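Structure below is target08.pdb: PDB, C-alpha atoms and all ligand atoms.
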```pdb
ATOM      1  CA  MET G   1      20.646  22.142  43.560
ATOM      2  CA  PRO G   2      19.305  25.716  43.822
ATOM      3  CA  LYS G   3      15.602  25.711  44.698
ATOM      4  CA  THR G   4      13.168  26.667  41.951
ATOM      5  CA  ARG G   5      10.849  29.443  43.062
ATOM      6  CA  LYS G   6       7.167  28.475  43.184
ATOM      7  CA  VAL G   7       4.780  31.011  41.733
ATOM      8  CA  ILE G   8       1.105  30.995  42.706
ATOM      9  CA  ILE G   9      -1.290  31.658  39.834
ATOM     10  CA  THR G  10      -4.687  33.030  40.844
ATOM     11  CA  SER G  11      -7.511  33.001  38.331
ATOM     12  CA  ALA G  12     -10.327  35.518  38.893
ATOM     13  CA  VAL G  13     -12.950  34.055  36.641
ATOM     14  CA  THR G  14     -15.857  36.495  36.357
ATOM     15  CA  GLY G  15     -15.774  39.427  38.829
ATOM     16  CA  ALA G  16     -18.133  42.382  38.771
ATOM     17  CA  ILE G  17     -16.433  44.817  36.408
ATOM     18  CA  HIS G  18     -17.164  43.230  33.064
ATOM     19  CA  THR G  19     -20.733  42.654  31.937
ATOM     20  CA  PRO G  20     -22.158  39.709  29.980
ATOM     21  CA  SER G  21     -22.542  41.651  26.721
ATOM     22  CA  MET G  22     -18.824  42.503  26.609
ATOM     23  CA  SER G  23     -17.678  38.979  25.805
ATOM     24  CA  PRO G  24     -19.465  35.737  24.930
ATOM     25  CA  HIS G  25     -16.729  33.986  26.938
ATOM     26  CA  LEU G  26     -17.445  35.687  30.284
ATOM     27  CA  PRO G  27     -18.928  33.017  32.585
ATOM     28  CA  VAL G  28     -22.337  34.087  33.850
ATOM     29  CA  THR G  29     -24.435  31.152  35.095
ATOM     30  CA  ALA G  30     -23.428  29.193  38.192
ATOM     31  CA  ASP G  31     -22.405  26.236  36.022
ATOM     32  CA  GLU G  32     -20.364  28.412  33.675
ATOM     33  CA  ILE G  33     -18.613  30.133  36.581
ATOM     34  CA  ALA G  34     -17.782  26.843  38.304
ATOM     35  CA  ASP G  35     -16.637  25.218  35.039
ATOM     36  CA  ALA G  36     -14.451  28.233  34.259
ATOM     37  CA  ALA G  37     -12.767  27.939  37.655
ATOM     38  CA  ILE G  38     -12.282  24.174  37.299
ATOM     39  CA  GLY G  39     -10.761  24.723  33.841
ATOM     40  CA  ALA G  40      -8.452  27.427  35.200
ATOM     41  CA  ALA G  41      -7.336  25.120  38.018
ATOM     42  CA  ARG G  42      -6.611  22.309  35.545
ATOM     43  CA  ALA G  43      -4.509  24.751  33.524
ATOM     44  CA  GLY G  44      -2.421  25.608  36.616
ATOM     45  CA  ALA G  45      -4.253  28.081  38.848
ATOM     46  CA  ALA G  46      -3.689  27.204  42.514
ATOM     47  CA  ILE G  47      -6.283  29.765  43.649
ATOM     48  CA  VAL G  48      -9.624  30.656  42.130
ATOM     49  CA  HIS G  49     -11.057  34.050  43.108
ATOM     50  CA  MET G  50     -14.828  33.798  43.070
ATOM     51  CA  HIS G  51     -17.751  36.134  42.473
ATOM     52  CA  ALA G  52     -21.327  35.063  41.692
ATOM     53  CA  ARG G  53     -23.962  36.480  39.363
ATOM     54  CA  SER G  54     -27.725  36.577  39.389
ATOM     55  CA  PRO G  55     -29.294  33.667  37.497
ATOM     56  CA  HIS G  56     -31.902  36.124  36.112
ATOM     57  CA  ASP G  57     -29.808  38.681  34.289
ATOM     58  CA  GLY G  58     -26.131  38.071  35.048
ATOM     59  CA  ARG G  59     -25.669  41.081  37.324
ATOM     60  CA  PRO G  60     -23.148  40.664  40.181
ATOM     61  CA  SER G  61     -24.707  39.030  43.239
ATOM     62  CA  GLN G  62     -23.482  38.621  46.803
ATOM     63  CA  ASP G  63     -26.489  36.509  47.768
ATOM     64  CA  PRO G  64     -25.027  33.385  49.437
ATOM     65  CA  LYS G  65     -27.683  31.368  47.561
ATOM     66  CA  ASP G  66     -26.032  32.298  44.277
ATOM     67  CA  PHE G  67     -22.647  31.112  45.608
ATOM     68  CA  GLU G  68     -23.955  27.775  46.895
ATOM     69  CA  PRO G  69     -24.113  25.818  43.612
ATOM     70  CA  ILE G  70     -20.766  27.225  42.489
ATOM     71  CA  LEU G  71     -19.007  26.273  45.715
ATOM     72  CA  ALA G  72     -20.583  22.805  45.765
ATOM     73  CA  LYS G  73     -19.382  22.081  42.225
ATOM     74  CA  LEU G  74     -15.901  23.417  42.958
ATOM     75  CA  LYS G  75     -15.587  21.400  46.124
ATOM     76  CA  ALA G  76     -16.494  18.203  44.254
ATOM     77  CA  ASN G  77     -14.170  18.819  41.314
ATOM     78  CA  THR G  78     -11.028  20.678  42.326
ATOM     79  CA  ASN G  79      -8.466  20.976  45.096
ATOM     80  CA  ALA G  80      -7.795  24.632  44.170
ATOM     81  CA  VAL G  81      -7.952  27.147  47.000
ATOM     82  CA  ILE G  82     -11.310  28.903  46.855
ATOM     83  CA  ASN G  83     -11.071  32.619  47.484
ATOM     84  CA  ILE G  84     -14.402  34.414  47.959
ATOM     85  CA  THR G  85     -14.773  38.107  47.264
ATOM     86  CA  THR G  86     -15.765  40.715  49.848
ATOM     87  CA  GLY G  87     -15.452  43.362  47.121
ATOM     88  CA  GLY G  88     -18.569  42.137  45.351
ATOM     89  CA  SER G  89     -19.496  45.059  43.171
ATOM     90  CA  PRO G  90     -18.487  48.612  44.144
ATOM     91  CA  HIS G  91     -22.189  49.532  43.759
ATOM     92  CA  MET G  92     -23.170  47.321  46.727
ATOM     93  CA  THR G  93     -23.170  48.110  50.433
ATOM     94  CA  VAL G  94     -20.334  46.706  52.509
ATOM     95  CA  GLU G  95     -22.837  44.671  54.562
ATOM     96  CA  GLU G  96     -24.085  42.988  51.387
ATOM     97  CA  ARG G  97     -20.540  42.404  50.163
ATOM     98  CA  MET G  98     -19.371  40.509  53.252
ATOM     99  CA  ARG G  99     -22.277  38.015  53.428
ATOM    100  CA  PRO G 100     -20.775  35.101  51.423
ATOM    101  CA  VAL G 101     -17.510  35.147  53.389
ATOM    102  CA  ALA G 102     -19.367  35.304  56.715
ATOM    103  CA  THR G 103     -21.580  32.406  55.585
ATOM    104  CA  PHE G 104     -19.010  30.083  54.016
ATOM    105  CA  ALA G 105     -15.798  30.788  56.008
ATOM    106  CA  PRO G 106     -13.488  30.062  53.055
ATOM    107  CA  GLU G 107      -9.735  29.517  53.305
ATOM    108  CA  LEU G 108      -9.140  32.858  51.594
ATOM    109  CA  ALA G 109     -11.180  36.031  50.966
ATOM    110  CA  SER G 110     -10.434  39.300  49.232
ATOM    111  CA  LEU G 111     -10.234  42.504  51.265
ATOM    112  CA  ASN G 112     -10.090  45.917  49.613
ATOM    113  CA  MET G 113      -7.741  48.196  51.494
ATOM    114  CA  GLY G 114      -9.201  51.668  50.986
ATOM    115  CA  SER G 115     -12.069  53.757  49.662
ATOM    116  CA  MET G 116     -11.571  54.994  46.133
ATOM    117  CA  ASN G 117     -13.071  56.136  42.860
ATOM    118  CA  PHE G 118     -13.823  53.170  40.601
ATOM    119  CA  GLY G 119     -14.191  54.445  37.041
ATOM    120  CA  LEU G 120     -15.623  51.901  34.634
ATOM    121  CA  TYR G 121     -17.521  54.402  32.465
ATOM    122  CA  PRO G 122     -14.812  54.645  29.722
ATOM    123  CA  MET G 123     -15.909  51.122  28.735
ATOM    124  CA  LEU G 124     -19.158  52.684  27.468
ATOM    125  CA  GLU G 125     -17.165  54.094  24.548
ATOM    126  CA  ARG G 126     -16.213  50.606  23.383
ATOM    127  CA  SER G 127     -19.697  49.223  23.116
ATOM    128  CA  ASP G 128     -23.252  50.475  22.960
ATOM    129  CA  GLN G 129     -24.879  47.086  22.507
ATOM    130  CA  PHE G 130     -26.058  45.759  25.854
ATOM    131  CA  ALA G 131     -28.446  42.856  26.366
ATOM    132  CA  HIS G 132     -29.544  44.234  29.766
ATOM    133  CA  GLU G 133     -30.150  47.822  30.786
ATOM    134  CA  TRP G 134     -28.345  47.253  34.131
ATOM    135  CA  GLU G 135     -25.053  46.882  32.247
ATOM    136  CA  ARG G 136     -25.151  50.398  30.750
ATOM    137  CA  GLU G 137     -26.444  51.835  34.039
ATOM    138  CA  ALA G 138     -23.676  50.290  36.168
ATOM    139  CA  LEU G 139     -20.961  51.591  33.868
ATOM    140  CA  ALA G 140     -22.500  55.087  33.653
ATOM    141  CA  LYS G 141     -23.013  55.355  37.424
ATOM    142  CA  SER G 142     -19.336  54.605  38.063
ATOM    143  CA  ARG G 143     -18.617  58.250  37.096
ATOM    144  CA  ASP G 144     -20.010  59.265  40.486
ATOM    145  CA  LEU G 145     -19.182  56.224  42.586
ATOM    146  CA  VAL G 146     -17.050  55.752  45.685
ATOM    147  CA  PHE G 147     -16.021  52.147  46.387
ATOM    148  CA  LYS G 148     -16.411  52.360  50.149
ATOM    149  CA  ASN G 149     -13.803  50.609  52.277
ATOM    150  CA  THR G 150     -13.387  52.705  55.436
ATOM    151  CA  PHE G 151     -11.192  51.691  58.366
ATOM    152  CA  ALA G 152     -14.343  50.498  60.154
ATOM    153  CA  ASP G 153     -15.378  48.402  57.112
ATOM    154  CA  ILE G 154     -11.936  46.830  56.850
ATOM    155  CA  GLU G 155     -11.856  46.093  60.570
ATOM    156  CA  THR G 156     -15.289  44.417  60.435
ATOM    157  CA  ILE G 157     -14.198  42.127  57.602
ATOM    158  CA  LEU G 158     -10.875  41.376  59.321
ATOM    159  CA  ASP G 159     -12.822  40.385  62.447
ATOM    160  CA  ILE G 160     -14.995  37.965  60.465
ATOM    161  CA  GLY G 161     -11.890  36.432  58.906
ATOM    162  CA  ASN G 162     -10.003  36.206  62.177
ATOM    163  CA  ARG G 163     -12.956  34.481  63.880
ATOM    164  CA  ASN G 164     -13.176  31.856  61.109
ATOM    165  CA  ASP G 165      -9.479  31.507  60.345
ATOM    166  CA  THR G 166     -10.128  32.879  56.863
ATOM    167  CA  ARG G 167      -7.033  34.623  55.524
ATOM    168  CA  PHE G 168      -6.985  37.485  53.048
ATOM    169  CA  GLU G 169      -5.962  38.509  49.583
ATOM    170  CA  PHE G 170      -5.324  42.188  50.395
ATOM    171  CA  GLU G 171      -6.328  44.173  47.316
ATOM    172  CA  CYS G 172      -4.084  47.241  47.178
ATOM    173  CA  TYR G 173      -4.954  49.625  44.330
ATOM    174  CA  ASP G 174      -2.640  52.390  45.452
ATOM    175  CA  ILE G 175       0.224  53.270  47.760
ATOM    176  CA  SER G 176      -2.121  54.503  50.499
ATOM    177  CA  HIS G 177      -3.645  51.013  50.658
ATOM    178  CA  LEU G 178      -0.252  49.636  51.644
ATOM    179  CA  ASN G 179      -0.128  52.198  54.454
ATOM    180  CA  ASN G 180      -3.592  51.071  55.574
ATOM    181  CA  LEU G 181      -2.489  47.441  55.504
ATOM    182  CA  ALA G 182       0.643  48.249  57.516
ATOM    183  CA  HIS G 183      -1.595  49.999  60.072
ATOM    184  CA  PHE G 184      -3.710  46.840  60.568
ATOM    185  CA  HIS G 185      -0.576  44.680  60.564
ATOM    186  CA  THR G 186       0.962  46.770  63.332
ATOM    187  CA  ARG G 187      -2.261  46.488  65.332
ATOM    188  CA  GLY G 188      -2.123  42.698  64.962
ATOM    189  CA  LEU G 189      -5.458  42.486  63.124
ATOM    190  CA  ALA G 190      -3.862  41.531  59.787
ATOM    191  CA  ARG G 191      -1.414  38.723  60.305
ATOM    192  CA  GLY G 192       1.437  37.575  58.094
ATOM    193  CA  PRO G 193       2.365  36.238  55.725
ATOM    194  CA  LEU G 194       0.226  38.970  54.150
ATOM    195  CA  PHE G 195      -0.932  38.077  50.647
ATOM    196  CA  VAL G 196      -0.700  41.464  48.923
ATOM    197  CA  GLN G 197      -2.509  41.667  45.607
ATOM    198  CA  SER G 198      -1.282  44.879  43.991
ATOM    199  CA  VAL G 199      -3.792  46.101  41.426
ATOM    200  CA  PHE G 200      -2.550  48.227  38.535
ATOM    201  CA  GLY G 201      -4.301  50.232  35.844
ATOM    202  CA  LEU G 202      -7.795  50.572  37.252
ATOM    203  CA  LEU G 203      -9.174  54.121  36.823
ATOM    204  CA  GLY G 204      -9.145  55.539  40.360
ATOM    205  CA  GLY G 205      -6.071  53.589  41.468
ATOM    206  CA  ILE G 206      -2.373  53.588  40.617
ATOM    207  CA  GLY G 207      -1.453  53.438  36.906
ATOM    208  CA  GLY G 208      -0.207  50.516  34.889
ATOM    209  CA  HIS G 209       3.337  51.714  34.176
ATOM    210  CA  PRO G 210       6.305  49.555  35.237
ATOM    211  CA  GLU G 211       7.411  52.521  37.403
ATOM    212  CA  ASP G 212       4.104  52.185  39.305
ATOM    213  CA  LEU G 213       4.900  48.553  39.953
ATOM    214  CA  MET G 214       8.423  49.407  41.155
ATOM    215  CA  HIS G 215       7.037  52.038  43.533
ATOM    216  CA  MET G 216       4.484  49.557  44.959
ATOM    217  CA  ARG G 217       7.222  47.005  45.476
ATOM    218  CA  ARG G 218       9.620  49.425  47.189
ATOM    219  CA  THR G 219       6.842  50.707  49.454
ATOM    220  CA  ALA G 220       5.601  47.233  50.366
ATOM    221  CA  ASP G 221       9.159  46.181  51.197
ATOM    222  CA  ARG G 222       9.651  49.231  53.409
ATOM    223  CA  LEU G 223       6.317  48.929  55.215
ATOM    224  CA  LEU G 224       5.840  45.168  55.465
ATOM    225  CA  GLY G 225       9.417  43.862  55.459
ATOM    226  CA  ALA G 226       9.613  40.122  54.944
ATOM    227  CA  ASP G 227       6.104  39.430  56.209
ATOM    228  CA  TYR G 228       4.334  39.436  52.854
ATOM    229  CA  GLU G 229       3.816  37.457  49.654
ATOM    230  CA  TRP G 230       3.459  39.751  46.691
ATOM    231  CA  SER G 231       1.079  39.184  43.789
ATOM    232  CA  ILE G 232       0.430  41.262  40.662
ATOM    233  CA  LEU G 233      -2.857  42.032  38.968
ATOM    234  CA  GLY G 234      -2.711  44.208  35.861
ATOM    235  CA  ALA G 235      -6.095  45.352  34.535
ATOM    236  CA  GLY G 236      -6.910  45.078  30.832
ATOM    237  CA  ARG G 237      -3.951  45.209  28.488
ATOM    238  CA  ASN G 238      -1.594  45.517  31.490
ATOM    239  CA  GLN G 239      -2.384  41.943  32.551
ATOM    240  CA  MET G 240       0.374  39.856  30.959
ATOM    241  CA  PRO G 241       3.162  42.500  30.797
ATOM    242  CA  LEU G 242       2.890  43.448  34.474
ATOM    243  CA  ALA G 243       2.485  39.854  35.642
ATOM    244  CA  THR G 244       5.674  39.027  33.734
ATOM    245  CA  ILE G 245       7.644  41.946  35.193
ATOM    246  CA  GLY G 246       6.332  41.193  38.676
ATOM    247  CA  ALA G 247       7.122  37.489  38.464
ATOM    248  CA  ALA G 248      10.655  38.269  37.313
ATOM    249  CA  MET G 249      10.961  40.440  40.456
ATOM    250  CA  GLY G 250       9.593  37.783  42.823
ATOM    251  CA  SER G 251       5.813  38.119  42.716
ATOM    252  CA  HIS G 252       2.933  35.714  42.325
ATOM    253  CA  VAL G 253       0.431  36.526  39.578
ATOM    254  CA  ARG G 254      -3.291  36.902  39.027
ATOM    255  CA  VAL G 255      -5.026  36.583  35.674
ATOM    256  CA  GLY G 256      -8.660  35.974  34.688
ATOM    257  CA  LEU G 257     -11.592  37.486  32.839
ATOM    258  CA  GLU G 258     -12.497  39.527  35.940
ATOM    259  CA  ASP G 259      -9.430  41.651  35.285
ATOM    260  CA  SER G 260      -9.035  41.435  31.498
ATOM    261  CA  LEU G 261     -11.206  40.043  28.720
ATOM    262  CA  TRP G 262      -8.248  39.859  26.364
ATOM    263  CA  ILE G 263      -5.498  37.470  25.291
ATOM    264  CA  GLY G 264      -3.960  39.840  22.732
ATOM    265  CA  PRO G 265      -4.656  43.194  21.068
ATOM    266  CA  GLY G 266      -8.280  43.107  19.913
ATOM    267  CA  GLN G 267      -8.480  39.392  20.662
ATOM    268  CA  LEU G 268     -10.883  38.187  23.325
ATOM    269  CA  ALA G 269      -9.669  35.353  25.556
ATOM    270  CA  VAL G 270     -11.874  32.329  24.934
ATOM    271  CA  SER G 271     -11.577  31.118  28.523
ATOM    272  CA  ASN G 272      -9.958  31.740  31.872
ATOM    273  CA  ALA G 273      -7.860  28.634  31.256
ATOM    274  CA  GLU G 274      -6.401  30.272  28.152
ATOM    275  CA  GLN G 275      -5.033  33.165  30.215
ATOM    276  CA  VAL G 276      -3.709  30.761  32.869
ATOM    277  CA  SER G 277      -1.938  28.720  30.167
ATOM    278  CA  ARG G 278      -0.419  31.874  28.677
ATOM    279  CA  ILE G 279       1.053  33.112  31.964
ATOM    280  CA  ARG G 280       2.126  29.578  32.832
ATOM    281  CA  THR G 281       4.121  29.368  29.596
ATOM    282  CA  ILE G 282       5.798  32.673  30.418
ATOM    283  CA  LEU G 283       6.588  31.627  34.005
ATOM    284  CA  GLU G 284       8.012  28.284  32.941
ATOM    285  CA  ALA G 285      10.133  30.020  30.305
ATOM    286  CA  LEU G 286      11.528  32.120  33.177
ATOM    287  CA  ASN G 287      12.360  28.850  34.972
ATOM    288  CA  PHE G 288       9.790  29.266  37.727
ATOM    289  CA  ALA G 289       7.736  26.351  38.985
ATOM    290  CA  ILE G 290       3.951  26.652  39.224
ATOM    291  CA  ALA G 291       2.689  26.228  42.797
ATOM    292  CA  THR G 292       0.116  23.499  43.339
ATOM    293  CA  PRO G 293      -2.915  24.302  45.535
ATOM    294  CA  ASP G 294      -1.279  22.551  48.497
ATOM    295  CA  GLU G 295       1.956  24.463  47.955
ATOM    296  CA  ALA G 296      -0.073  27.687  47.865
ATOM    297  CA  ARG G 297      -1.703  26.651  51.169
ATOM    298  CA  GLU G 298       1.733  26.220  52.682
ATOM    299  CA  ILE G 299       3.144  29.491  51.309
ATOM    300  CA  LEU G 300       0.106  31.483  52.528
ATOM    301  CA  ASP G 301      -0.427  29.493  55.752
ATOM    302  CA  LEU G 302      -4.060  28.626  54.987
ATOM    303  CA  LYS G 303      -6.269  26.518  57.255
ATOM    304  CA  GLY G 304      -7.048  23.793  54.684
ATOM    305  CA  ALA G 305      -9.983  22.861  52.463
ATOM    306  CA  ASN G 306     -11.492  20.605  55.133
ATOM    307  CA  ARG G 307     -12.140  23.562  57.463
ATOM    308  CA  VAL G 308     -14.452  25.654  55.314
ATOM    309  CA  GLY G 309     -18.182  26.127  55.815
ATOM    310  CA  PHE G 310     -19.454  24.726  52.524
TER     311      PHE G 310
HETATM  312  N1  LIG M   1     -11.682  43.376  40.399
HETATM  313  C1  LIG M   1     -10.369  43.577  40.939
HETATM  314  C2  LIG M   1      -9.701  44.768  40.356
HETATM  315  C3  LIG M   1     -12.662  42.000  45.076
HETATM  316  O1  LIG M   1     -13.249  41.100  44.523
HETATM  317  O2  LIG M   1     -12.600  42.128  46.292
HETATM  318  C4  LIG M   1     -10.349  43.619  42.409
HETATM  319  C5  LIG M   1     -11.159  42.576  43.149
HETATM  320  C6  LIG M   1     -11.998  43.081  44.256
HETATM  321  O3  LIG M   1     -11.062  41.415  42.869
HETATM  322 ZN    ZN M   2     -12.909  40.208  42.646
END
```
What does this structure look like when you write it as structure tokens?
Amino acid sequence: MPKTRKVIITSAVTGAIHTPSMSPHLPVTADEIADAAIGAARAGAAIVHMHARSPHDGRPSQDPKDFEPILAKLKANTNAVINITTGGSPHMTVEERMRPVATFAPELASLNMGSMNFGLYPMLERSDQFAHEWEREALAKSRDLVFKNTFADIETILDIGNRNDTRFEFECYDISHLNNLAHFHTRGLARGPLFVQSVFGLLGGIGGHPEDLMHMRRTADRLLGADYEWSILGAGRNQMPLATIGAAMGSHVRVGLEDSLWIGPGQLAVSNAEQVSRIRTILEALNFAIATPDEAREILDLKGANRVGF
């Protein structure tokens, strides 16, 4: 019997790009964020990519105290791999962004592989109704914002991970980020199998055209050889089409309200689980199997849920 390929679905449930006023379905409180991740895991996500928000006004927070109740609820209710962000919000300092991963030593953490523009301000054109002034401000300020991820920043976060046996979801928003990853791989600081999350369609990074995806794939193959597991993240309306193309070409996939609020043109997704179910249907129609959390642990060589610090 030929082996069925296992595809890992990641669900990124809230993030720091979208703001609470953009969708009533975006999880904001600790309970909502944890419940969204548990729902996504039940629908088939093997990995949940986690950010936290302030209990006061829903702004992104990298305060470990805001992660605590989320992580406790997840630990008690799901076997999904918990992936904690070091991206936080591009408005934060790198020191602030790395605190939760340094505190909780998760199995998996995100790591952004280069400094870049991070343009969210076009979203201001879609809506002028914001419940909190910080929402408008964050979007407007992104016109003049550099998301700072220097070689020194990346090395510091790699060191934290390597000390705690935390492995990484390497967020690559452009071709140069693959070159940066190959540099750390060659130096032995980033160790395989590298989990490469290629991000498409974010203003400041590579576009969302299928040719962009092909170019990422060819370059990753050339630079990283067989020592990587590829995953696709398409922002906004690129989410489902690019995940489908990528999966057909051998990738894993990431969906979630962090990356897209939508389930169809003009139609807000009502939950993270809805997006997971949609991509799951597509993957199963392509005759792929959905990786369980333990299968994802094996594919990515993770340390196990019993060796985290929460
Ligand atoms: N929001 C995504 C485009 C991170 O958390 O480190 C990238 C991301 C960054 O997930
Ligand atoms: Zn994130």
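Of the listed residues (G:Arg254, G:Arg143, G:His185, G:Arg5), G:Arg254 comes nearest to ligand LIG 1 (chain M); the distances count all atoms listed in the file.
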At most 7 Å is the cut-off: for each residue in chain G with any atom that close to an atom of ligand ZN 2 (chain M), write down the nearest atom pair and the distance in Å rounded to one decimal, counting all atoms listed in the file, chain first then increasing number, as a tab-separated table.
```
residue	atom	partner	partner_atom	distance
G:Ala12	CA	M:ZN2	ZN	6.5
G:Gly15	CA	M:ZN2	ZN	4.8
G:Ala16	CA	M:ZN2	ZN	6.9
G:His49	CA	M:ZN2	ZN	6.4
G:Met50	CA	M:ZN2	ZN	6.7
G:His51	CA	M:ZN2	ZN	6.3
G:Thr85	CA	M:ZN2	ZN	5.4
G:Gly87	CA	M:ZN2	ZN	6.0
G:Gly88	CA	M:ZN2	ZN	6.6
G:Glu258	CA	M:ZN2	ZN	6.8
```
Rows by chain and residue number, region 79-145 of chain G within 12 Å of region 150-154 of chain G, shortest pair, only C-alpha atoms, as CSV:
```
residue,atom,partner,partner_atom,distance
G:Thr86,CA,G:Ile154,CA,10.1
G:Gly87,CA,G:Ile154,CA,10.9
G:Thr93,CA,G:Asp153,CA,10.3
G:Val94,CA,G:Asp153,CA,7.0
G:Glu95,CA,G:Asp153,CA,8.7
G:Glu96,CA,G:Asp153,CA,11.7
G:Arg97,CA,G:Asp153,CA,10.5
G:Met98,CA,G:Asp153,CA,9.7
G:Ser110,CA,G:Ile154,CA,10.8
G:Leu111,CA,G:Ile154,CA,7.3
G:Asn112,CA,G:Ile154,CA,7.5
G:Met113,CA,G:Ile154,CA,6.9
G:Gly114,CA,G:Thr150,CA,6.2
G:Ser115,CA,G:Thr150,CA,6.0
G:Met116,CA,G:Thr150,CA,9.8
```
- Task: Using only C-alpha atoms, find the one residue out of G:Gly256, G:Gly161, G:Pro64, G:Pro293 that sits nearest to Arg278 (chain G).
- Result: G:Gly256
Could you spell out the hits of the PyMOL selection byres (((chain G and resi 140) around 12) and not hetatm) on the shown file, as an mmCIF file with C-alpha atoms, keeping the file's coordinate frame?
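Output contents, as saved in result31.cif:
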```
data_model
loop_
_atom_site.group_PDB
_atom_site.id
_atom_site.type_symbol
_atom_site.label_atom_id
_atom_site.label_comp_id
_atom_site.auth_asym_id
_atom_site.auth_seq_id
_atom_site.Cartn_x
_atom_site.Cartn_y
_atom_site.Cartn_z
ATOM 1 C CA HIS G 91 -22.189 49.532 43.759
ATOM 2 C CA PHE G 118 -13.823 53.170 40.601
ATOM 3 C CA GLY G 119 -14.191 54.445 37.041
ATOM 4 C CA LEU G 120 -15.623 51.901 34.634
ATOM 5 C CA TYR G 121 -17.521 54.402 32.465
ATOM 6 C CA PRO G 122 -14.812 54.645 29.722
ATOM 7 C CA MET G 123 -15.909 51.122 28.735
ATOM 8 C CA LEU G 124 -19.158 52.684 27.468
ATOM 9 C CA GLU G 125 -17.165 54.094 24.548
ATOM 10 C CA ASP G 128 -23.252 50.475 22.960
ATOM 11 C CA GLU G 133 -30.150 47.822 30.786
ATOM 12 C CA TRP G 134 -28.345 47.253 34.131
ATOM 13 C CA GLU G 135 -25.053 46.882 32.247
ATOM 14 C CA ARG G 136 -25.151 50.398 30.750
ATOM 15 C CA GLU G 137 -26.444 51.835 34.039
ATOM 16 C CA ALA G 138 -23.676 50.290 36.168
ATOM 17 C CA LEU G 139 -20.961 51.591 33.868
ATOM 18 C CA LYS G 141 -23.013 55.355 37.424
ATOM 19 C CA SER G 142 -19.336 54.605 38.063
ATOM 20 C CA ARG G 143 -18.617 58.250 37.096
ATOM 21 C CA ASP G 144 -20.010 59.265 40.486
ATOM 22 C CA LEU G 145 -19.182 56.224 42.586
#
```
- Query: Separation of CA of His56 (chain G) and atom N1 of ligand LIG 1 (chain M), in Å?
  - Reply: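 So the answer is 21.9 Å.
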- Task: Please write as an MDAnalysis selection string the list of polymer residues whose atoms come within 9 Å of (-20.1, 23.5, 57.4), counting all atoms listed in the file and keeping to the coordinates of the file.
- Result: chainID G and resid 104:105 307:310
Keeping C-alpha atoms, export the residues of the selection given above as a short mmCIF file (atom, residue, chain, number, x, y, z; two decimals), in the frame of the given file.
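Okay, this is what ended up in part.cif:
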```cif
data_model
loop_
_atom_site.label_atom_id
_atom_site.label_comp_id
_atom_site.auth_asym_id
_atom_site.auth_seq_id
_atom_site.Cartn_x
_atom_site.Cartn_y
_atom_site.Cartn_z
CA PHE G 104 -19.01 30.08 54.02
CA ALA G 105 -15.80 30.79 56.01
CA ARG G 307 -12.14 23.56 57.46
CA VAL G 308 -14.45 25.65 55.31
CA GLY G 309 -18.18 26.13 55.82
CA PHE G 310 -19.45 24.73 52.52
#
```
- Given the PyMOL selection byres (((chain G and resi 66-79) around 9) and not hetatm), the residues it picks as JSON, numbers by chain: {"G": [30, 31, 32, 33, 34, 35, 37, 38, 41, 42, 46, 50, 51, 52, 53, 54, 55, 61, 62, 63, 64, 65, 80, 81, 82, 100, 104, 293, 294, 305, 310]}
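Among the candidates G:Ile160, G:Leu194, G:Val199, G:Ala36, the one nearest to ligand LIG 1 (chain M) when counting only C-alpha atoms and all ligand atoms is G:Val199.
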- Using all atoms listed in the file, which of G:Glu229, G:Asp174, G:Asp221, G:Asp212 sits nearest ligand LIG 1 (chain M)?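 Looking at the shortest contact to ligand LIG 1 (chain M), the residue is G:Asp174.
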- Query: Hey, which of G:Ile263, G:Leu300, G:Ile84, G:Leu242 ends up closest to ligand LIG 1 (chain M)? Count only C-alpha atoms and all ligand atoms.
  - Reply: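 Among the listed residues, G:Ile84 lies closest to ligand LIG 1 (chain M).
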- Using only C-alpha atoms, which residue out of G:Met92, G:Ile232, G:Val13, G:Met214 lies closest to Ala40 (chain G)? G:Val13
